[in-house]
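*Asks:* Structure below; questions to follow.
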Amino acid sequence: MNGAPPDDVITFHDVGKTFGDTWVLEHMSFSLSPGTILGLIGPSGCGKTTTVRIANGFHRPDAGDVTIFGTAPTELDPVDRTRIGYLPQHPVLFDTLSLRENLNFHASLNGVRFSRKRRVADLLELVDLEDDERKLVSEASGGMKRRLALAGALVHGPDVLMLDEPTAGIDPILRRRFWEHFRMLRDSGTALVVSTQFVDEASNCDVVAMLAHGRVAALGSPGDLLHRARGGTLYDLQFDHVLRYDFVRRLREHASVSAVVHDAEDALSVTVSNDAPPIGELCESIEPGTRPAAASERPPDWDEVFIALVGDDASDDVATIADSRISEAAR
Amino acid sequence: MTTTDRSEVDEGPTTDAGSNGSKRNSARPLVARRLRSIIQFSGVLRKELTSILRQPRLLLILVVGPFLVLALFAVGFDQQRTVLDTMFVGPADSVYEDSIEEFSDELDRYVRFAGYTTDLVAAERALAAGDTDLIVIFPADPAASVLAGEQAEIKILHDKIDPIQQTTVEVSAQVAVQELNARLLQEVVGEAQRLLVPYEQSLTDAVASIDDLRDAVAADDDEAVRTATSELLDTGNALSTIVNVSEEFATQMNGSGDDDYGELSTSTDEFERLVSDAVRDDDISDEDIDAIGAALDTVQASGATVTTLDPRIIVRPFSSATENLQRAPVSISDFFAPGTVALLLQHMVLTFAALSLVTDRSSGLFELFRVGSIGAGRVIAGKVVAFALIGGVSGALLFTALRYGLDVPLRGDVGWLALTSVLLLVSSIGLGLCISLISRTDTQAVQYALLALLAALFFGGFFLDLDAFRYPVKALSWTMPVTYGTRVFRDVMLRGDEPALIDLVGLGASAVVYVGLAWFFLSRRLRVE
C-alpha cells in the first residue's frame with residue numbers, strides 16, 4: 001500500500017530493475033491518477049517497456065515499491081487483473097483466426113461474458129474494422145492488426161490501459177485517431193500509460209515522463225516541460241514598425257525576460273517567465289506606444305525540449321530517436 | 001466512439017482504485033469465479049479448435065492419410081514375396097538335381113526354386129543382378145567327404161545387408177538344407193530298409209530250412225543236413241544284424257535300452273547259438289530241430305515291429321503341429337492396424353500440443369497470460385480438451401475406416417477402445433505440452449515430436465516385441481503412451497479381450513503425470529520474474 005493517495009491508480013516509488021548485473025531502471029518515481037494519460041517517452045532501450053511491464057505485474061521490481069489499485073501488481077487477484085488492459089509492443093494475434101475471432105479470444109481471456117457480441121461489434125466499429133471482421137488476420141494489413149490489437153486491449157473495459165508503443169508503425173492519420181480515442185478514454189475516467197518513441201506525442205499526454213538510460217530525466221505536464229526547457233514562455237512578436245535598439249536592450253534587461261532574439265527589424269522572439277505580465281503590457285511598460293501587432297506563443301519543438309531537459313547524456317538517445325523515426329517513416 | 005462498461009466484466013469489480021483486492025475477492029460469489037474460469041477455458045478451447053479446423057487439408061491428411069497408407073500396405077504387401085528365390089549349383093546329373101526337382105514342392109515352403117545350374121559364375125552374376133536372392137552350392141563329391149569322416153559342406157551365398165533379411169536367409173537356408181539332408185537320408189535309409197526286407201523272407205526261408213532239416217535228418221541225408229544248417233546260419237546272422245541296428249536306433253531315440261529290443265536280441269542270439277551248435281553237431285536230433293523252431297518263433301514274434309518302421313519316421317521322427325488359440329487368423333495388415341492408430345493418435349496430438357505453446361509464446365500470448373487473470377490450469381485444460389476432441393474424432397473415423405474399409409477385425413468392446421483412446425490422447429497431449437515447454441522454437445518442437453515418433457516406432461511395440469529390450473532401456477517403452485495404446489488396441493480389436501488392467505492403469509498414470517508436469521512447467525513459466 002505504501003501510503004499512496006487513494007486516488008492514485010499507479011504509483012512508482014524509487015523503483016529499480018536489473019537484468020543480470022545491469023540496472024535497466026533506476027530511481028523511477030511517478031504516480032498516475034484516474035482520467036490521466038501518462039506518456040513514457042524515450043528511445044529504444046531507455047526502459048519504457050520494462051516500466052510498463054513492472055506496472056502491470058509482468059516483472060517484479062528489484063528495488064522500490066510499485067502499486068496498482070493500491071496493491072503490488074504481482075499480488076493482484078485475478079479479478080483485479082481484468083481491470084488492466086495491456087497492449088504489448090507486438091500485437092498478440094493469431095493468423096488462422098478472423099479479426100472477430102481474435103477479439104472474442106481476448107474477451108474470453110479476460111472473462112467477458114455479458115453482451116460480448118455487442119461489445120465486440122462496437123469495438124470493431126470503433127477501430128474501423130467492422131467491414132473486415134471476417135477477414136483472417138493473415139490477410140490483414142499492418143495497420144489493421146494494430147487497430148485490432150488495440151481493440152483487444154479495450155475489449156473488457158479496463159480501468160487502466162497500458163499501451164506499449166501503440167502508434168509504432170501506423171500512419172499519421174490513424175495515429176491521430178488513436179490519440180483521439182485515448183483522450184476519450186481518459187475523459188471517461190480511464191487511466192492510460194502510453195509509451196512512445198515519438199517525442200512530439202508528448203503534447204497529447206497529461207503527464208510526460210521523459211526517460212533516458214533507465215531513469216526519469218524529466219517529469220511533468222507538457223506545458224511544464226516546455227516552459228522548463230525554454231526557461232519560460234517563448235513568444236514570437238511582430239511589430240508594425242522598426243524597433244529601436246534601446247527598446248530591445250531594455251526588454252532584454254527586464255526581470256521577467258530571460259531571452260530576446262532579434263529576428264528582424266520589426267520582429268522579436270522573447271522568452272518570459274511564467275509570472276510575467278501579459279506580453280503586450282510588458283512591451284508597453286518598457287516603451288509606451290510600443291506594442292506588438294501580433295504575438296503568439298511558439299509551437300513546441302519536442303525534440304529540442306527532450307534535448308534541453310535530458311541534457312548531454314541524451315545525445316545518443318536523441319540520435320536513436322531520430323533513427324527510429326526514420327525507420328518508422330521508411331515503414 | 002464507444003467506451004466499455006466495467007460492470008459487464010466478471011463480478012463487477014469496484015471502481016475504488018485504492019481498495020484492497022483480496023478483501024473484494026473474498027466477497028465475490030464462487031459461482032461468478034467459476035463462470036469466469038469456464039469462459040477463459042472455453043476461449044482457449046475455441047481458439048485451438050478453430051485454428052485446426054480452419055486447416056481442412058491438415059485434417060484430411062491426418063485422417064485420410066494414415067487410412068490410405070494402411071490400405072496400400074494391405075493391398076501391396078505379399079507375404080509370399082518374402083520367400084527367397086534360390087539357385088542351386090552342383091555337378092551335372094548328380095543326385096542333387098534329381099532330389100531338388102523331386103522335392104521342389106516341399107522346398108517352396110522355404111525357398112523358391114529358381115533353377116539348378118552347374119555354372120557358379122552365372123549364378124553369382126544372377127545374384128549380383130538381383131535376379132536371385134540365394135545361391136546354394138552343393139559339394140562336387142560329397143561321398144568322398146563322408147567316407148573321409150567329414151560332413152559334406154553346402155555353401156550358401158547372398159548379398160543381404162538388412163540384419164532381419166540376413167536372419168531370414170540363414171534360417172531359410174538351414175531349413176531347406178535340413179530338408180534336403182532329410183530327403184537324401186530318407187532315400188538311404190529306405191534303401192537300407194529294403195536290404196532288411198529279406199528279414200521277413202529269411203524268417204520264411206528259415207521256417208522252410210527247418211522243415212528241410214527235419215526231413216534231411218529223418219532221411220539221414222548228411223548233405224541235405226549241411227545245406228539246411230548253412231542256410232539257417234546265414235539267416236541267423238542277418239537277423240542278428242538287423243536287430244542290433246534297430247536296438248541302437250531305439251536306444252538313441254529313448255536315451256536308454258528298450259526291453260522289447262532286449263528280448264528280441266536275446267531270442268535272436270539264442271536262435272543263432274542253436275543253429276551254430278547244429279552246424280557243429282554231427283548228430284542232430286528232432287529235439288534239437290524243435291528247439292531251433294521254437295527259438296525262431298520267438299524271434300518272429302519279437303521282431304515284427306522292427307522291420308515295419310517307416311524310413312520317413314526314422315529320418316524325421318518329430319513333426320510339429322501348431323494350433324493358434326485365437327479365434328481367427330490375423331493378417332499382417334490387421335496386426336499392424338491397431339498399432340498404427342495408436343501411433344497416429346499419439347503423434348497427431350503430441351505435435352499439435354508441442355507446437356501450440358511454442359506458438360503462443362512466440363506470438364506474445366504468454367505475456368498476456370502472465371499479466372491477465374487466466375491461470376496455467378485453464379490454459380492447459382483448454383488445450384487438452386481441444387486436441388482430445390480433434391484426436392477423438394480422427395480416431396473414431398480411422399477405426400471406422402479400418403473396420404469397414406479394410407475389414408480389420410474388431411472383436412472386443414468398442415467402449416474399451418473409446419476409453420483407451422481418451423487416455424492415450426490426454427497422455428500424449430500432456431507429453432506434447434511438456435515438449436512444448438522445453439522447446440525454444442517451432443523447429444525444436446517439431447524435432448522433439450519427430451524424436452518421440454521415432455522412439456515410439458522402435459520402443460513402443462509397434463513392430464518389435466517389448467520383450468526384445470533389456471532394462472533400463474525397456475523402461476523407455478513404458479514412458480510412452482503409444483506402448484499402452486498399442487497393447488490395448490491389439491487386445492481389444494484382434495483378440496477380443498478386455499484390456500489388461502495394468503495397461504489402463506499405466507496409461508492413466510502417464511496421463512496424470514504428463515498433464516501434471518505440463519501444468520507445473522507452465523505455472524513456472526507464467527510466474528512473475
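Naming scheme: A, B, ... for chains in displayed order of the C-alpha cells; residues 1 onward per chain; ligands 1 onward as shown.
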Report as a ChimeraX atom specification the set of chain A residues whose atoms approach chain B to within 7 Å, with distances computed over only C-alpha atoms.
*Replies:* /A:6-7,9,56-60,69-71,74,76-82,92,96-97,105,108-114,122,126,156-158,185
*Asks:* With only C-alpha atoms as the counted atoms, please give the residues lying no more than 8 Å from Ala168 (chain A), apart from itself and same-chain residues fewer than 2 positions off, as a PyMOL selection string.
*Replies:* chain A and resi 165-166+170+196-197+328
*Asks:* Keeping only N, CA and C atoms, write those residues as a PDB file, in the first residue's frame.
*Replies:*
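Result went into again.pdb, see below:
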ATOM      1  N   GLU A 165       3.979   1.341 -26.969  1.00  0.00           N
ATOM      2  CA  GLU A 165       4.203   1.832 -28.328  1.00  0.00           C
ATOM      3  C   GLU A 165       3.033   1.501 -29.263  1.00  0.00           C
ATOM      4  N   PRO A 166       1.850   1.973 -28.927  1.00  0.00           N
ATOM      5  CA  PRO A 166       0.678   1.640 -29.742  1.00  0.00           C
ATOM      6  C   PRO A 166       0.699   2.294 -31.118  1.00  0.00           C
ATOM      7  N   ILE A 170       2.283   2.906 -37.583  1.00  0.00           N
ATOM      8  CA  ILE A 170       1.000   3.246 -38.206  1.00  0.00           C
ATOM      9  C   ILE A 170       1.076   4.648 -38.797  1.00  0.00           C
ATOM     10  N   THR A 196       5.997   5.664 -26.015  1.00  0.00           N
ATOM     11  CA  THR A 196       6.187   6.009 -27.426  1.00  0.00           C
ATOM     12  C   THR A 196       7.609   6.492 -27.669  1.00  0.00           C
ATOM     13  N   GLN A 197       8.049   6.301 -28.890  1.00  0.00           N
ATOM     14  CA  GLN A 197       9.337   6.845 -29.294  1.00  0.00           C
ATOM     15  C   GLN A 197       9.154   8.220 -29.929  1.00  0.00           C
ATOM     16  N   GLU A 328      10.601   4.371 -38.888  1.00  0.00           N
ATOM     17  CA  GLU A 328       9.132   4.391 -38.932  1.00  0.00           C
ATOM     18  C   GLU A 328       8.662   4.969 -40.256  1.00  0.00           C
TER      19      GLU A 328
END
*Asks:* Rounded to one decimal, what separation in Å do you get between CA of Glu75 (chain A) and CA of Pro34 (chain A)?
*Replies:*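 That distance, rounded to one decimal, is 20.5 Å.
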*Asks:* Which of region 73-262 of chain A end up as alpha helix (DSSP H) when DSSP is run on this backbone - answer as a ChimeraX atom specification?
*Replies:* /A:78-81,99-109,116-126,142-154,172-187,222-230,245-253
*Asks:* Just checking: using only C-alpha atoms, which residue out of B:Ser427, B:Tyr96, B:Pro499, B:Ala475 ends up closest to Ala511 (chain B)?
*Replies:*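 Closest to Ala511 (chain B), using only C-alpha atoms: B:Ser427.
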*Asks:* One decimal, Å: what's the distance from CA of Ala267 (chain A) over to CA of Asp303 (chain A), could you say?
*Replies:*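 Between these atoms lies a distance of 24.6 Å.
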*Asks:* Would you pick out the contacts of Glu265 (chain A) at 9 Å or less, using only C-alpha atoms, so that residues sharing its chain but fewer than 3 positions from it are not included, and give the list as a PDB file with C-alpha atoms, in the first residue's frame?
*Replies:*
ATOM      1  CA  PHE A 239       5.670  44.876 -34.717  1.00  0.00           C
ATOM      2  CA  HIS A 241       7.470  49.454 -37.170  1.00  0.00           C
ATOM      3  CA  VAL A 242      11.190  49.110 -36.988  1.00  0.00           C
ATOM      4  CA  LEU A 243      12.312  48.501 -33.431  1.00  0.00           C
ATOM      5  CA  ARG A 244      14.705  50.809 -31.767  1.00  0.00           C
ATOM      6  CA  HIS A 262      16.135  39.999 -32.593  1.00  0.00           C
ATOM      7  CA  LEU A 268      11.468  39.573 -31.853  1.00  0.00           C
TER       8      LEU A 268
END
*Asks:* Residues within 12 Å of region 152-158 of chain B, please, as a ChimeraX atom specification. Count only C-alpha atoms; anything in the same chain fewer than 6 positions from it doesn't count.
*Replies:* /B:84-90,96,120,123-146,165-174,176-178,180-181
*Asks:* So how far away is CA of Pro338 (chain B) from CA of Arg490 (chain B), in Å?
*Replies:*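 CA of Pro338 (chain B) lies at a distance of 5.7 Å from CA of Arg490 (chain B).
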*Asks:* Which of region 73-291 of chain A end up as strand (DSSP E) when DSSP is run on this backbone - answer as an mmCIF file with C-alpha atoms, in the first residue's frame?
*Replies:*
data_model
loop_
_atom_site.group_PDB
_atom_site.id
_atom_site.type_symbol
_atom_site.label_atom_id
_atom_site.label_comp_id
_atom_site.auth_asym_id
_atom_site.auth_seq_id
_atom_site.Cartn_x
_atom_site.Cartn_y
_atom_site.Cartn_z
ATOM 1 C CA ILE A 84 -5.880 -3.808 -16.569
ATOM 2 C CA GLY A 85 -5.852 -3.507 -20.336
ATOM 3 C CA TYR A 86 -2.496 -4.255 -21.881
ATOM 4 C CA LEU A 87 -1.308 -3.808 -25.443
ATOM 5 C CA VAL A 160 -6.133 1.197 -16.521
ATOM 6 C CA LEU A 161 -4.830 0.872 -20.027
ATOM 7 C CA MET A 162 -1.144 0.184 -20.610
ATOM 8 C CA LEU A 163 -0.133 0.637 -24.204
ATOM 9 C CA ASP A 164 3.406 -0.191 -25.216
ATOM 10 C CA ALA A 191 -6.001 5.954 -16.665
ATOM 11 C CA LEU A 192 -3.606 5.382 -19.544
ATOM 12 C CA VAL A 193 0.085 4.638 -19.664
ATOM 13 C CA VAL A 194 1.312 5.136 -23.206
ATOM 14 C CA SER A 195 4.899 4.550 -24.210
ATOM 15 C CA THR A 196 6.187 6.009 -27.426
ATOM 16 C CA VAL A 207 1.785 13.871 -17.762
ATOM 17 C CA VAL A 208 5.019 13.101 -19.544
ATOM 18 C CA ALA A 209 7.943 11.098 -18.223
ATOM 19 C CA MET A 210 10.997 11.556 -20.405
ATOM 20 C CA LEU A 211 13.235 8.536 -19.964
ATOM 21 C CA ALA A 212 16.915 8.143 -20.656
ATOM 22 C CA ARG A 215 15.852 6.947 -15.389
ATOM 23 C CA VAL A 216 13.162 9.589 -15.454
ATOM 24 C CA ALA A 217 15.034 12.575 -16.843
ATOM 25 C CA ALA A 218 12.043 14.863 -16.713
ATOM 26 C CA LEU A 219 8.502 14.508 -15.417
ATOM 27 C CA GLY A 220 5.592 16.908 -15.681
ATOM 28 C CA THR A 233 7.155 31.051 -22.376
ATOM 29 C CA LEU A 234 8.514 31.785 -25.811
ATOM 30 C CA TYR A 235 6.651 34.367 -27.815
ATOM 31 C CA ASP A 236 7.117 35.425 -31.405
ATOM 32 C CA LEU A 237 6.328 39.136 -31.655
ATOM 33 C CA GLN A 238 5.619 41.025 -34.820
ATOM 34 C CA VAL A 257 12.551 38.300 -19.565
ATOM 35 C CA SER A 258 15.089 35.550 -19.864
ATOM 36 C CA ALA A 259 15.930 35.751 -23.562
ATOM 37 C CA VAL A 260 15.393 38.037 -26.511
ATOM 38 C CA VAL A 261 16.293 37.212 -30.090
ATOM 39 C CA HIS A 262 16.135 39.999 -32.593
ATOM 40 C CA ASP A 263 14.856 38.040 -35.561
ATOM 41 C CA ALA A 264 14.233 41.015 -37.887
ATOM 42 C CA ALA A 267 10.269 41.061 -35.133
ATOM 43 C CA LEU A 268 11.468 39.573 -31.853
ATOM 44 C CA SER A 269 11.423 36.255 -30.048
ATOM 45 C CA VAL A 270 11.021 36.759 -26.336
ATOM 46 C CA THR A 271 11.121 34.255 -23.522
ATOM 47 C CA VAL A 272 9.356 35.409 -20.410
#
*Asks:* Using only C-alpha atoms, which residues sit within 8 Å of Arg116 (chain A) once same-chain residues fewer than 4 positions away are excluded, as a PDB file with C-alpha atoms, in the first residue's frame?
*Replies:*
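Contents of the output file around.pdb:
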ATOM      1  CA  ASN A 104     -13.500 -12.785 -28.992  1.00  0.00           C
ATOM      2  CA  ALA A 107     -12.575 -11.089 -24.452  1.00  0.00           C
ATOM      3  CA  VAL A 112     -16.045 -11.058 -20.569  1.00  0.00           C
ATOM      4  CA  VAL A 120     -17.021  -6.815 -29.881  1.00  0.00           C
TER       5      VAL A 120
END
